[in-house]
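Student: Contents of model02.csv (CSV, N, CA and C atoms):
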chain,number,residue,atom,x,y,z
A,23,LEU,N,13.7,8.4,-10.9
A,23,LEU,CA,13.8,7.9,-9.5
A,23,LEU,C,12.7,8.5,-8.7
A,24,ALA,N,12.3,7.7,-7.7
A,24,ALA,CA,11.2,8.1,-6.9
A,24,ALA,C,11.6,7.7,-5.4
A,25,GLN,N,11.2,8.6,-4.5
A,25,GLN,CA,11.4,8.2,-3.1
A,25,GLN,C,10.0,8.2,-2.4
A,26,LEU,N,9.8,7.3,-1.5
A,26,LEU,CA,8.6,7.1,-0.8
A,26,LEU,C,8.8,7.1,0.7
A,27,ALA,N,7.9,7.8,1.4
A,27,ALA,CA,8.0,7.9,2.8
A,27,ALA,C,6.7,7.6,3.5
A,28,GLU,N,6.6,6.6,4.3
A,28,GLU,CA,5.4,6.2,5.0
A,28,GLU,C,5.4,6.8,6.4
A,29,SER,N,4.1,7.0,6.9
A,29,SER,CA,3.9,7.4,8.2
A,29,SER,C,2.6,7.0,8.7
A,30,GLY,N,2.3,7.1,10.0
A,30,GLY,CA,1.0,6.8,10.5
A,30,GLY,C,0.9,5.5,11.3
A,31,GLY,N,1.9,4.7,11.3
A,31,GLY,CA,1.9,3.4,12.0
A,31,GLY,C,1.8,3.6,13.5
A,32,GLY,N,1.6,2.6,14.2
A,32,GLY,CA,1.5,2.6,15.7
A,32,GLY,C,0.9,1.4,16.3
A,33,SER,N,0.5,1.5,17.5
A,33,SER,CA,-0.1,0.4,18.2
A,33,SER,C,-1.6,0.7,18.4
A,34,VAL,N,-2.4,-0.3,18.1
A,34,VAL,CA,-3.9,-0.1,18.2
A,34,VAL,C,-4.5,-1.4,18.7
A,35,GLN,N,-5.6,-1.3,19.4
A,35,GLN,CA,-6.3,-2.5,19.8
A,35,GLN,C,-7.1,-3.1,18.7
A,36,ALA,N,-7.4,-4.4,18.8
A,36,ALA,CA,-8.2,-5.1,17.9
A,36,ALA,C,-9.6,-4.4,17.8
A,37,GLY,N,-10.1,-4.3,16.6
A,37,GLY,CA,-11.3,-3.6,16.3
A,37,GLY,C,-11.2,-2.1,16.1
A,38,GLY,N,-10.0,-1.6,16.3
A,38,GLY,CA,-9.7,-0.1,16.1
A,38,GLY,C,-9.4,0.2,14.7
A,39,SER,N,-9.0,1.5,14.5
A,39,SER,CA,-8.7,2.0,13.2
A,39,SER,C,-7.3,2.7,13.2
A,40,LEU,N,-6.8,2.8,12.0
A,40,LEU,CA,-5.5,3.5,11.8
A,40,LEU,C,-5.4,4.0,10.4
A,41,LYS,N,-4.8,5.1,10.1
A,41,LYS,CA,-4.6,5.6,8.8
A,41,LYS,C,-3.2,5.8,8.5
A,42,LEU,N,-2.7,5.1,7.4
A,42,LEU,CA,-1.3,5.3,7.0
A,42,LEU,C,-1.2,6.2,5.8
A,43,SER,N,-0.1,6.9,5.7
A,43,SER,CA,0.2,7.8,4.6
A,43,SER,C,1.5,7.4,3.9
A,44,CYS,N,1.5,7.7,2.6
A,44,CYS,CA,2.8,7.5,1.8
A,44,CYS,C,2.9,8.7,0.9
A,45,VAL,N,4.0,9.4,1.1
A,45,VAL,CA,4.3,10.6,0.2
A,45,VAL,C,5.3,10.2,-0.8
A,46,ARG,N,5.0,10.5,-2.1
A,46,ARG,CA,5.9,10.2,-3.2
A,46,ARG,C,6.6,11.4,-3.7
A,47,SER,N,7.9,11.4,-3.8
A,47,SER,CA,8.7,12.5,-4.4
A,47,SER,C,9.7,12.0,-5.3
A,48,PRO,N,10.1,12.8,-6.4
A,48,PRO,CA,9.3,13.9,-6.8
A,48,PRO,C,7.9,13.5,-7.3
A,49,SER,N,7.0,14.4,-7.3
A,49,SER,CA,5.7,14.1,-7.7
A,49,SER,C,5.6,13.9,-9.1
A,50,SER,N,4.8,12.9,-9.5
A,50,SER,CA,4.5,12.6,-10.9
A,50,SER,C,3.2,13.2,-11.4
A,51,PRO,N,3.1,13.9,-12.5
A,51,PRO,CA,1.8,14.5,-12.8
A,51,PRO,C,0.7,13.5,-13.1
A,52,VAL,N,1.1,12.4,-13.8
A,52,VAL,CA,0.1,11.3,-14.1
A,52,VAL,C,0.8,10.0,-14.2
A,53,GLY,N,0.0,8.9,-14.1
A,53,GLY,CA,0.5,7.6,-14.4
A,53,GLY,C,1.1,6.9,-13.3
A,54,GLY,N,1.3,5.6,-13.5
A,54,GLY,CA,1.9,4.7,-12.5
A,54,GLY,C,1.0,4.0,-11.6
A,55,CYS,N,1.5,3.2,-10.8
A,55,CYS,CA,0.8,2.4,-9.8
A,55,CYS,C,1.4,2.5,-8.5
A,56,MET,N,0.5,2.6,-7.5
A,56,MET,CA,0.9,2.6,-6.1
A,56,MET,C,0.3,1.5,-5.4
A,57,ALA,N,1.0,0.9,-4.4
A,57,ALA,CA,0.4,-0.2,-3.7
A,57,ALA,C,0.9,-0.2,-2.2
A,58,TRP,N,0.2,-0.8,-1.4
A,58,TRP,CA,0.6,-1.1,0.0
A,58,TRP,C,0.8,-2.6,0.2
A,59,PHE,N,2.0,-2.9,0.8
A,59,PHE,CA,2.3,-4.2,1.1
A,59,PHE,C,2.5,-4.3,2.7
A,60,ARG,N,2.6,-5.5,3.2
A,60,ARG,CA,2.9,-5.7,4.6
A,60,ARG,C,3.8,-6.9,4.7
A,61,GLN,N,4.6,-6.9,5.7
A,61,GLN,CA,5.5,-8.1,6.0
A,61,GLN,C,5.7,-8.2,7.5
A,62,ALA,N,5.3,-9.4,7.9
A,62,ALA,CA,5.4,-9.8,9.3
A,62,ALA,C,6.7,-10.6,9.4
A,63,PRO,N,7.3,-10.7,10.6
A,63,PRO,CA,8.5,-11.4,10.8
A,63,PRO,C,8.4,-12.9,10.4
A,64,GLY,N,9.3,-13.4,9.6
A,64,GLY,CA,9.3,-14.7,9.1
A,64,GLY,C,8.3,-15.0,8.0
A,65,LYS,N,7.6,-14.0,7.5
A,65,LYS,CA,6.6,-14.2,6.5
A,65,LYS,C,7.0,-13.5,5.2
A,66,GLU,N,6.4,-13.9,4.1
A,66,GLU,CA,6.6,-13.2,2.8
A,66,GLU,C,5.9,-11.9,2.8
A,67,ARG,N,6.4,-11.0,2.0
A,67,ARG,CA,5.8,-9.7,1.7
A,67,ARG,C,4.4,-10.0,1.0
A,68,GLU,N,3.4,-9.4,1.6
A,68,GLU,CA,2.0,-9.6,1.1
A,68,GLU,C,1.4,-8.3,0.5
A,69,GLY,N,0.9,-8.3,-0.7
A,69,GLY,CA,0.2,-7.2,-1.3
A,69,GLY,C,-1.1,-7.0,-0.6
A,70,VAL,N,-1.4,-5.8,-0.2
A,70,VAL,CA,-2.6,-5.5,0.5
A,70,VAL,C,-3.6,-4.7,-0.3
A,71,ALA,N,-3.1,-3.6,-0.9
A,71,ALA,CA,-4.1,-2.8,-1.7
A,71,ALA,C,-3.3,-2.1,-2.8
A,72,PHE,N,-4.0,-1.8,-3.9
A,72,PHE,CA,-3.4,-1.2,-5.1
A,72,PHE,C,-4.3,0.0,-5.5
A,73,ILE,N,-3.7,1.0,-6.1
A,73,ILE,CA,-4.4,2.1,-6.7
A,73,ILE,C,-3.7,2.6,-7.9
A,74,GLY,N,-4.4,2.8,-9.0
A,74,GLY,CA,-3.8,3.4,-10.2
A,74,GLY,C,-3.8,5.0,-10.0
A,75,VAL,N,-2.6,5.5,-10.2
A,75,VAL,CA,-2.4,7.0,-10.0
A,75,VAL,C,-3.3,7.8,-10.9
A,76,ALA,N,-3.5,7.4,-12.1
A,76,ALA,CA,-4.3,8.2,-13.1
A,76,ALA,C,-5.8,8.0,-12.9
A,77,ASP,N,-6.3,6.8,-12.7
A,77,ASP,CA,-7.7,6.5,-12.7
A,77,ASP,C,-8.3,6.1,-11.4
A,78,SER,N,-7.4,6.0,-10.4
A,78,SER,CA,-7.8,5.6,-9.0
A,78,SER,C,-8.5,4.3,-9.0
A,79,GLY,N,-8.3,3.4,-9.9
A,79,GLY,CA,-8.8,2.1,-9.8
A,79,GLY,C,-8.1,1.3,-8.7
A,80,THR,N,-8.9,0.5,-8.0
A,80,THR,CA,-8.3,-0.2,-6.8
A,80,THR,C,-8.5,-1.7,-6.9
A,81,GLN,N,-7.7,-2.3,-6.1
A,81,GLN,CA,-7.7,-3.8,-5.9
A,81,GLN,C,-7.2,-4.1,-4.5
A,82,TYR,N,-7.8,-5.1,-3.9
A,82,TYR,CA,-7.5,-5.5,-2.5
A,82,TYR,C,-7.2,-6.9,-2.4
A,83,ALA,N,-6.4,-7.3,-1.4
A,83,ALA,CA,-6.2,-8.7,-1.0
A,83,ALA,C,-7.5,-9.1,-0.3
A,84,ASP,N,-7.9,-10.4,-0.5
A,84,ASP,CA,-9.1,-10.9,0.2
A,84,ASP,C,-9.0,-10.7,1.7
A,85,SER,N,-7.8,-10.8,2.3
A,85,SER,CA,-7.7,-10.7,3.7
A,85,SER,C,-8.1,-9.4,4.3
A,86,VAL,N,-8.1,-8.3,3.5
A,86,VAL,CA,-8.4,-7.0,4.0
A,86,VAL,C,-9.7,-6.4,3.3
A,87,LYS,N,-10.2,-7.1,2.4
A,87,LYS,CA,-11.4,-6.5,1.6
A,87,LYS,C,-12.5,-6.2,2.6
A,88,GLY,N,-13.1,-5.0,2.5
A,88,GLY,CA,-14.2,-4.6,3.4
A,88,GLY,C,-13.7,-4.0,4.7
A,89,ARG,N,-12.4,-4.1,5.0
A,89,ARG,CA,-11.8,-3.4,6.2
A,89,ARG,C,-10.9,-2.3,5.9
A,90,PHE,N,-10.1,-2.5,4.8
A,90,PHE,CA,-9.1,-1.5,4.4
A,90,PHE,C,-9.6,-0.7,3.2
A,91,THR,N,-9.2,0.6,3.1
A,91,THR,CA,-9.5,1.4,2.0
A,91,THR,C,-8.3,2.2,1.5
A,92,ILE,N,-7.9,2.0,0.3
A,92,ILE,CA,-6.8,2.8,-0.3
A,92,ILE,C,-7.4,4.0,-1.0
A,93,SER,N,-6.7,5.1,-0.9
A,93,SER,CA,-7.1,6.4,-1.6
A,93,SER,C,-5.9,7.2,-1.8
A,94,GLN,N,-6.1,8.3,-2.6
A,94,GLN,CA,-4.9,9.1,-2.9
A,94,GLN,C,-5.4,10.6,-3.0
A,95,ASP,N,-4.4,11.5,-2.8
A,95,ASP,CA,-4.6,12.9,-3.1
A,95,ASP,C,-3.4,13.3,-4.0
A,96,ASN,N,-3.7,13.4,-5.3
A,96,ASN,CA,-2.6,13.6,-6.2
A,96,ASN,C,-2.0,15.0,-6.1
A,97,THR,N,-2.8,15.9,-5.5
A,97,THR,CA,-2.2,17.3,-5.3
A,97,THR,C,-1.1,17.2,-4.3
A,98,LYS,N,-1.1,16.2,-3.4
A,98,LYS,CA,-0.1,16.1,-2.4
A,98,LYS,C,0.8,14.9,-2.7
A,99,SER,N,0.6,14.2,-3.8
A,99,SER,CA,1.4,13.0,-4.2
A,99,SER,C,1.4,12.0,-3.0
A,100,THR,N,0.2,11.8,-2.4
A,100,THR,CA,0.1,11.0,-1.2
A,100,THR,C,-0.9,10.0,-1.4
A,101,VAL,N,-0.6,8.8,-1.0
A,101,VAL,CA,-1.5,7.6,-1.0
A,101,VAL,C,-1.8,7.3,0.5
A,102,TYR,N,-3.0,6.9,0.8
A,102,TYR,CA,-3.5,6.6,2.1
A,102,TYR,C,-3.9,5.1,2.2
A,103,LEU,N,-3.8,4.6,3.4
A,103,LEU,CA,-4.4,3.3,3.7
A,103,LEU,C,-5.2,3.4,5.0
A,104,GLU,N,-6.5,3.4,4.9
A,104,GLU,CA,-7.4,3.5,6.0
A,104,GLU,C,-7.7,2.1,6.5
A,105,MET,N,-7.3,1.8,7.7
A,105,MET,CA,-7.5,0.4,8.2
A,105,MET,C,-8.5,0.5,9.3
A,106,SER,N,-9.6,-0.3,9.2
A,106,SER,CA,-10.6,-0.4,10.2
A,106,SER,C,-10.8,-1.8,10.6
A,107,ASP,N,-11.5,-2.0,11.8
A,107,ASP,CA,-11.7,-3.3,12.3
A,107,ASP,C,-10.4,-4.2,12.3
A,108,VAL,N,-9.3,-3.6,12.7
A,108,VAL,CA,-8.1,-4.3,12.6
A,108,VAL,C,-8.0,-5.5,13.5
A,109,LYS,N,-7.2,-6.5,13.1
A,109,LYS,CA,-7.1,-7.7,13.8
A,109,LYS,C,-5.6,-8.0,14.2
A,110,PRO,N,-5.3,-8.8,15.2
A,110,PRO,CA,-3.9,-9.1,15.5
A,110,PRO,C,-3.1,-9.6,14.3
A,111,GLU,N,-3.8,-10.3,13.4
A,111,GLU,CA,-3.0,-10.8,12.3
A,111,GLU,C,-2.7,-9.7,11.3
A,112,ASP,N,-3.2,-8.5,11.5
A,112,ASP,CA,-2.8,-7.4,10.7
A,112,ASP,C,-1.4,-6.8,11.1
A,113,THR,N,-0.9,-7.2,12.2
A,113,THR,CA,0.4,-6.8,12.7
A,113,THR,C,1.5,-7.0,11.7
A,114,ALA,N,2.2,-6.0,11.3
A,114,ALA,CA,3.3,-6.1,10.3
A,114,ALA,C,3.9,-4.8,10.1
A,115,MET,N,5.0,-4.8,9.3
A,115,MET,CA,5.6,-3.6,8.8
A,115,MET,C,4.8,-3.3,7.5
A,116,TYR,N,4.3,-2.1,7.3
A,116,TYR,CA,3.6,-1.8,6.1
A,116,TYR,C,4.4,-0.9,5.3
A,117,LEU,N,4.6,-1.2,4.0
A,117,LEU,CA,5.4,-0.5,3.1
A,117,LEU,C,4.6,-0.1,1.8
A,118,CYS,N,4.9,1.1,1.3
A,118,CYS,CA,4.3,1.5,0.1
A,118,CYS,C,5.3,1.3,-1.1
A,119,ALA,N,4.7,1.1,-2.3
A,119,ALA,CA,5.5,0.8,-3.4
A,119,ALA,C,5.0,1.6,-4.6
A,120,PHE,N,5.9,1.8,-5.6
A,120,PHE,CA,5.5,2.6,-6.8
A,120,PHE,C,6.2,2.0,-8.0
A,121,ASP,N,5.5,2.0,-9.2
A,121,ASP,CA,6.1,1.7,-10.4
A,121,ASP,C,5.4,2.4,-11.5
A,122,ARG,N,6.0,2.5,-12.7
A,122,ARG,CA,5.3,3.2,-13.8
A,122,ARG,C,5.3,2.3,-15.0
A,123,ARG,N,5.9,1.1,-14.9
A,123,ARG,CA,5.9,0.2,-16.1
A,123,ARG,C,4.5,-0.3,-16.3
A,124,LEU,N,4.2,-0.7,-17.6
A,124,LEU,CA,2.9,-1.1,-18.0
A,124,LEU,C,2.4,-2.3,-17.2
A,125,LYS,N,3.3,-3.2,-16.9
A,125,LYS,CA,3.0,-4.5,-16.3
A,125,LYS,C,2.3,-4.3,-14.9
A,126,CYS,N,2.5,-3.1,-14.3
A,126,CYS,CA,1.9,-2.9,-13.0
A,126,CYS,C,0.4,-2.8,-13.1
A,127,PHE,N,-0.2,-2.5,-14.2
A,127,PHE,CA,-1.6,-2.4,-14.4
A,127,PHE,C,-2.3,-3.7,-14.6
A,128,GLU,N,-1.6,-4.8,-14.9
A,128,GLU,CA,-2.2,-6.1,-15.1
A,128,GLU,C,-2.8,-6.6,-13.7
A,129,PRO,N,-4.0,-7.0,-13.7
A,129,PRO,CA,-4.6,-7.4,-12.4
A,129,PRO,C,-3.8,-8.4,-11.6
A,130,TRP,N,-3.1,-9.4,-12.3
A,130,TRP,CA,-2.3,-10.4,-11.7
A,130,TRP,C,-1.0,-9.9,-11.2
A,131,ASN,N,-0.6,-8.7,-11.5
A,131,ASN,CA,0.7,-8.1,-11.1
A,131,ASN,C,0.5,-7.0,-10.0
A,132,ARG,N,-0.7,-6.5,-9.9
A,132,ARG,CA,-0.9,-5.3,-9.0
A,132,ARG,C,-0.5,-5.5,-7.6
A,133,LEU,N,-0.7,-6.7,-7.0
A,133,LEU,CA,-0.3,-7.0,-5.6
A,133,LEU,C,0.9,-7.9,-5.5
A,134,SER,N,1.7,-8.0,-6.5
A,134,SER,CA,2.9,-8.8,-6.5
A,134,SER,C,4.1,-7.9,-6.2
A,135,ALA,N,4.9,-8.3,-5.2
A,135,ALA,CA,6.0,-7.4,-4.8
A,135,ALA,C,7.1,-7.3,-5.9
A,136,SER,N,7.2,-8.3,-6.8
A,136,SER,CA,8.2,-8.2,-7.8
A,136,SER,C,7.8,-7.2,-8.9
A,137,THR,N,6.6,-6.7,-8.9
A,137,THR,CA,6.2,-5.7,-9.9
A,137,THR,C,6.8,-4.4,-9.7
A,138,TYR,N,7.2,-4.1,-8.4
A,138,TYR,CA,7.5,-2.7,-8.0
A,138,TYR,C,9.0,-2.4,-7.9
A,139,SER,N,9.4,-1.3,-8.4
A,139,SER,CA,10.8,-0.9,-8.4
A,139,SER,C,11.2,0.0,-7.2
A,140,TYR,N,10.2,0.8,-6.7
A,140,TYR,CA,10.5,1.8,-5.7
A,140,TYR,C,9.7,1.4,-4.4
A,141,TRP,N,10.4,1.5,-3.3
A,141,TRP,CA,9.8,1.1,-2.0
A,141,TRP,C,10.2,2.1,-0.9
A,142,GLY,N,9.2,2.3,0.0
A,142,GLY,CA,9.6,3.1,1.2
A,142,GLY,C,10.2,2.2,2.2
A,143,GLN,N,10.5,2.9,3.4
A,143,GLN,CA,11.2,2.2,4.5
A,143,GLN,C,10.2,1.4,5.4
A,144,GLY,N,9.0,1.8,5.3
A,144,GLY,CA,7.9,1.1,6.1
A,144,GLY,C,7.5,1.8,7.4
A,145,THR,N,6.4,1.5,7.8
A,145,THR,CA,5.9,1.9,9.1
A,145,THR,C,5.2,0.8,9.8
A,146,GLN,N,5.6,0.6,11.1
A,146,GLN,CA,5.1,-0.6,11.9
A,146,GLN,C,3.7,-0.4,12.4
A,147,VAL,N,2.9,-1.4,12.2
A,147,VAL,CA,1.6,-1.5,12.8
A,147,VAL,C,1.5,-2.7,13.7
A,148,THR,N,1.1,-2.5,14.9
A,148,THR,CA,1.0,-3.5,15.9
A,148,THR,C,-0.5,-3.5,16.5
A,149,VAL,N,-1.2,-4.6,16.3
A,149,VAL,CA,-2.5,-4.8,16.8
A,149,VAL,C,-2.6,-5.7,18.0
A,150,SER,N,-3.1,-5.3,19.1
A,150,SER,CA,-3.1,-6.1,20.3
A,150,SER,C,-4.6,-6.6,20.5
A,151,SER,N,-4.7,-7.8,21.0
A,151,SER,CA,-6.0,-8.4,21.3
A,151,SER,C,-6.6,-8.0,22.6
Please render this file's structure as structure tokens.
Tutor:
Amino acid sequence: LAQLAESGGGSVQAGGSLKLSCVRSPSSPVGGCMAWFRQAPGKEREGVAFIGVADSGTQYADSVKGRFTISQDNTKSTVYLEMSDVKPEDTAMYLCAFDRRLKCFEPWNRLSASTYSYWGQGTQVTVSS
């Protein structure tokens, strides 16, 4: 079992920056996949960024490439999402997810919500124009 807790959301003006955090407990020494998703009202959950816990390999959705950066500190079992040059369309609830099954490493599965078994409660990000 794993529990995830996000923080760092808030209100920001377009063009600004925000950094989200997701703490995973209990901590896992190696392995698994972590990802950030977002969901706006009336829309499907969208995969935003992926990171491999062991090798720190990353993958991003086209909509955030070049603006968002996913990183991790495994000593703190924490994954971060640095958001820069934010846009009003980035407004959503941001959730982190975790899984350890092999399928999460396949490129076509990394940003798919159905891949992940464990989810946090989310943190709201609101971008005003």
Student: Please report, as JSON, numbers by chain, each residue of chain A to which DSSP assigns strand (DSSP E) when run on this structure's backbone.
Tutor: {"A": [25, 26, 27, 28, 29, 32, 33, 34, 35, 40, 41, 42, 43, 44, 45, 46, 47, 55, 56, 57, 58, 59, 60, 61, 68, 69, 70, 71, 72, 73, 74, 80, 81, 82, 90, 91, 92, 93, 94, 95, 100, 101, 102, 103, 104, 105, 114, 115, 116, 117, 118, 119, 120, 121, 140, 141, 145, 146, 147, 148, 149, 150]}
Student: Neighbouring residues of A:Trp141 were defined as those with any atom within 8 Å, considering only C-alpha atoms; residues of the same chain fewer than 4 positions away were excluded. Please report them as a ChimeraX atom specification.
Tutor: /A:25-26,117-120
Student: Which residue is closest to A:Arg132? Choose from A:Gly69, A:Gly38, A:Gly88, A:Pro48 and count all atoms listed in the file.
Tutor: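 With all atoms listed in the file as the atom set, the closest residue is A:Gly69.
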Student: Nearest to A:Gly31: which of A:Ala57, A:Thr145, A:Ser99, A:Ser151 is it, counting only N, CA and C atoms?
Tutor: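 For A:Gly31, the nearest of the candidates is A:Thr145.
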Student: DSSP says helix (DSSP H, G or I) for which residues of chain A? Put them as a list in words?
Tutor: Pro110, Glu111, Asp112, Leu124, Lys125, Cys126, Phe127, Ala135, Ser136 and Thr137 of chain A
Student: Atoms to include: N, CA and C atoms. Write the selected residues as a compact mmCIF listing (two decimals), keeping the file's coordinate frame.
Tutor:
# COMPACT_ATOMS: atom_id res chain seq x y z
N PRO A 110 -5.30 -8.80 15.20
CA PRO A 110 -3.90 -9.10 15.50
C PRO A 110 -3.10 -9.60 14.30
N GLU A 111 -3.80 -10.30 13.40
CA GLU A 111 -3.00 -10.80 12.30
C GLU A 111 -2.70 -9.70 11.30
N ASP A 112 -3.20 -8.50 11.50
CA ASP A 112 -2.80 -7.40 10.70
C ASP A 112 -1.40 -6.80 11.10
N LEU A 124 4.20 -0.70 -17.60
CA LEU A 124 2.90 -1.10 -18.00
C LEU A 124 2.40 -2.30 -17.20
N LYS A 125 3.30 -3.20 -16.90
CA LYS A 125 3.00 -4.50 -16.30
C LYS A 125 2.30 -4.30 -14.90
N CYS A 126 2.50 -3.10 -14.30
CA CYS A 126 1.90 -2.90 -13.00
C CYS A 126 0.40 -2.80 -13.10
N PHE A 127 -0.20 -2.50 -14.20
CA PHE A 127 -1.60 -2.40 -14.40
C PHE A 127 -2.30 -3.70 -14.60
N ALA A 135 4.90 -8.30 -5.20
CA ALA A 135 6.00 -7.40 -4.80
C ALA A 135 7.10 -7.30 -5.90
N SER A 136 7.20 -8.30 -6.80
CA SER A 136 8.20 -8.20 -7.80
C SER A 136 7.80 -7.20 -8.90
N THR A 137 6.60 -6.70 -8.90
CA THR A 137 6.20 -5.70 -9.90
C THR A 137 6.80 -4.40 -9.70
Student: Measuring atom to atom with all atoms listed in the file, identify which of A:Ala24, A:Ala36, A:Ala71, A:Cys55 is nearest to A:Asp121.
Tutor: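 Result for the nearest residue to A:Asp121: A:Cys55.
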Student: Name the residues in contact with A:Glu66 at a cut-off of 10 Å, using only C-alpha atoms, excluding same-chain residues fewer than 5 positions from it; report them as a list in words.
Tutor: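 Here the answer would be Arg60, Gln61 and Ala135 of chain A.
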Student: Between atom C of A:Cys126 and atom CA of A:Val108, what is the distance, to one decimal in Å?
Tutor: 27.1 Å
Student: With only N, CA and C atoms as the basis for distance, which of A:Asp107, A:Gln81, A:Lys65, A:Asn96 is at the shortest distance from A:Ser39?
Tutor: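 Counting only N, CA and C atoms, the residue closest to A:Ser39 is A:Asp107.
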Student: For A:Cys44, please output as an MDAnalysis selection string all residues within 5 Å (counting all atoms listed in the file; exclusion window: fewer than 4 positions along the same chain).
Tutor: chainID A and resid 27:28 100:102
Student: Could the residues in this selection be written to a file with N, CA and C atoms, as a short mmCIF file (atom, residue, chain, number, x, y, z; two decimals), keeping the file's coordinate frame?
Tutor:
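Saved the output as part10.cif:
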data_model
loop_
_atom_site.label_atom_id
_atom_site.label_comp_id
_atom_site.auth_asym_id
_atom_site.auth_seq_id
_atom_site.Cartn_x
_atom_site.Cartn_y
_atom_site.Cartn_z
N ALA A 27 7.90 7.80 1.40
CA ALA A 27 8.00 7.90 2.80
C ALA A 27 6.70 7.60 3.50
N GLU A 28 6.60 6.60 4.30
CA GLU A 28 5.40 6.20 5.00
C GLU A 28 5.40 6.80 6.40
N THR A 100 0.20 11.80 -2.40
CA THR A 100 0.10 11.00 -1.20
C THR A 100 -0.90 10.00 -1.40
N VAL A 101 -0.60 8.80 -1.00
CA VAL A 101 -1.50 7.60 -1.00
C VAL A 101 -1.80 7.30 0.50
N TYR A 102 -3.00 6.90 0.80
CA TYR A 102 -3.50 6.60 2.10
C TYR A 102 -3.90 5.10 2.20
#
Student: A:Thr148: which residues within 7 Å, counting only C-alpha atoms, same-chain residues fewer than 2 positions away excluded, as a PyMOL selection string?
Tutor: chain A and resi 32-34+113-114+146+150
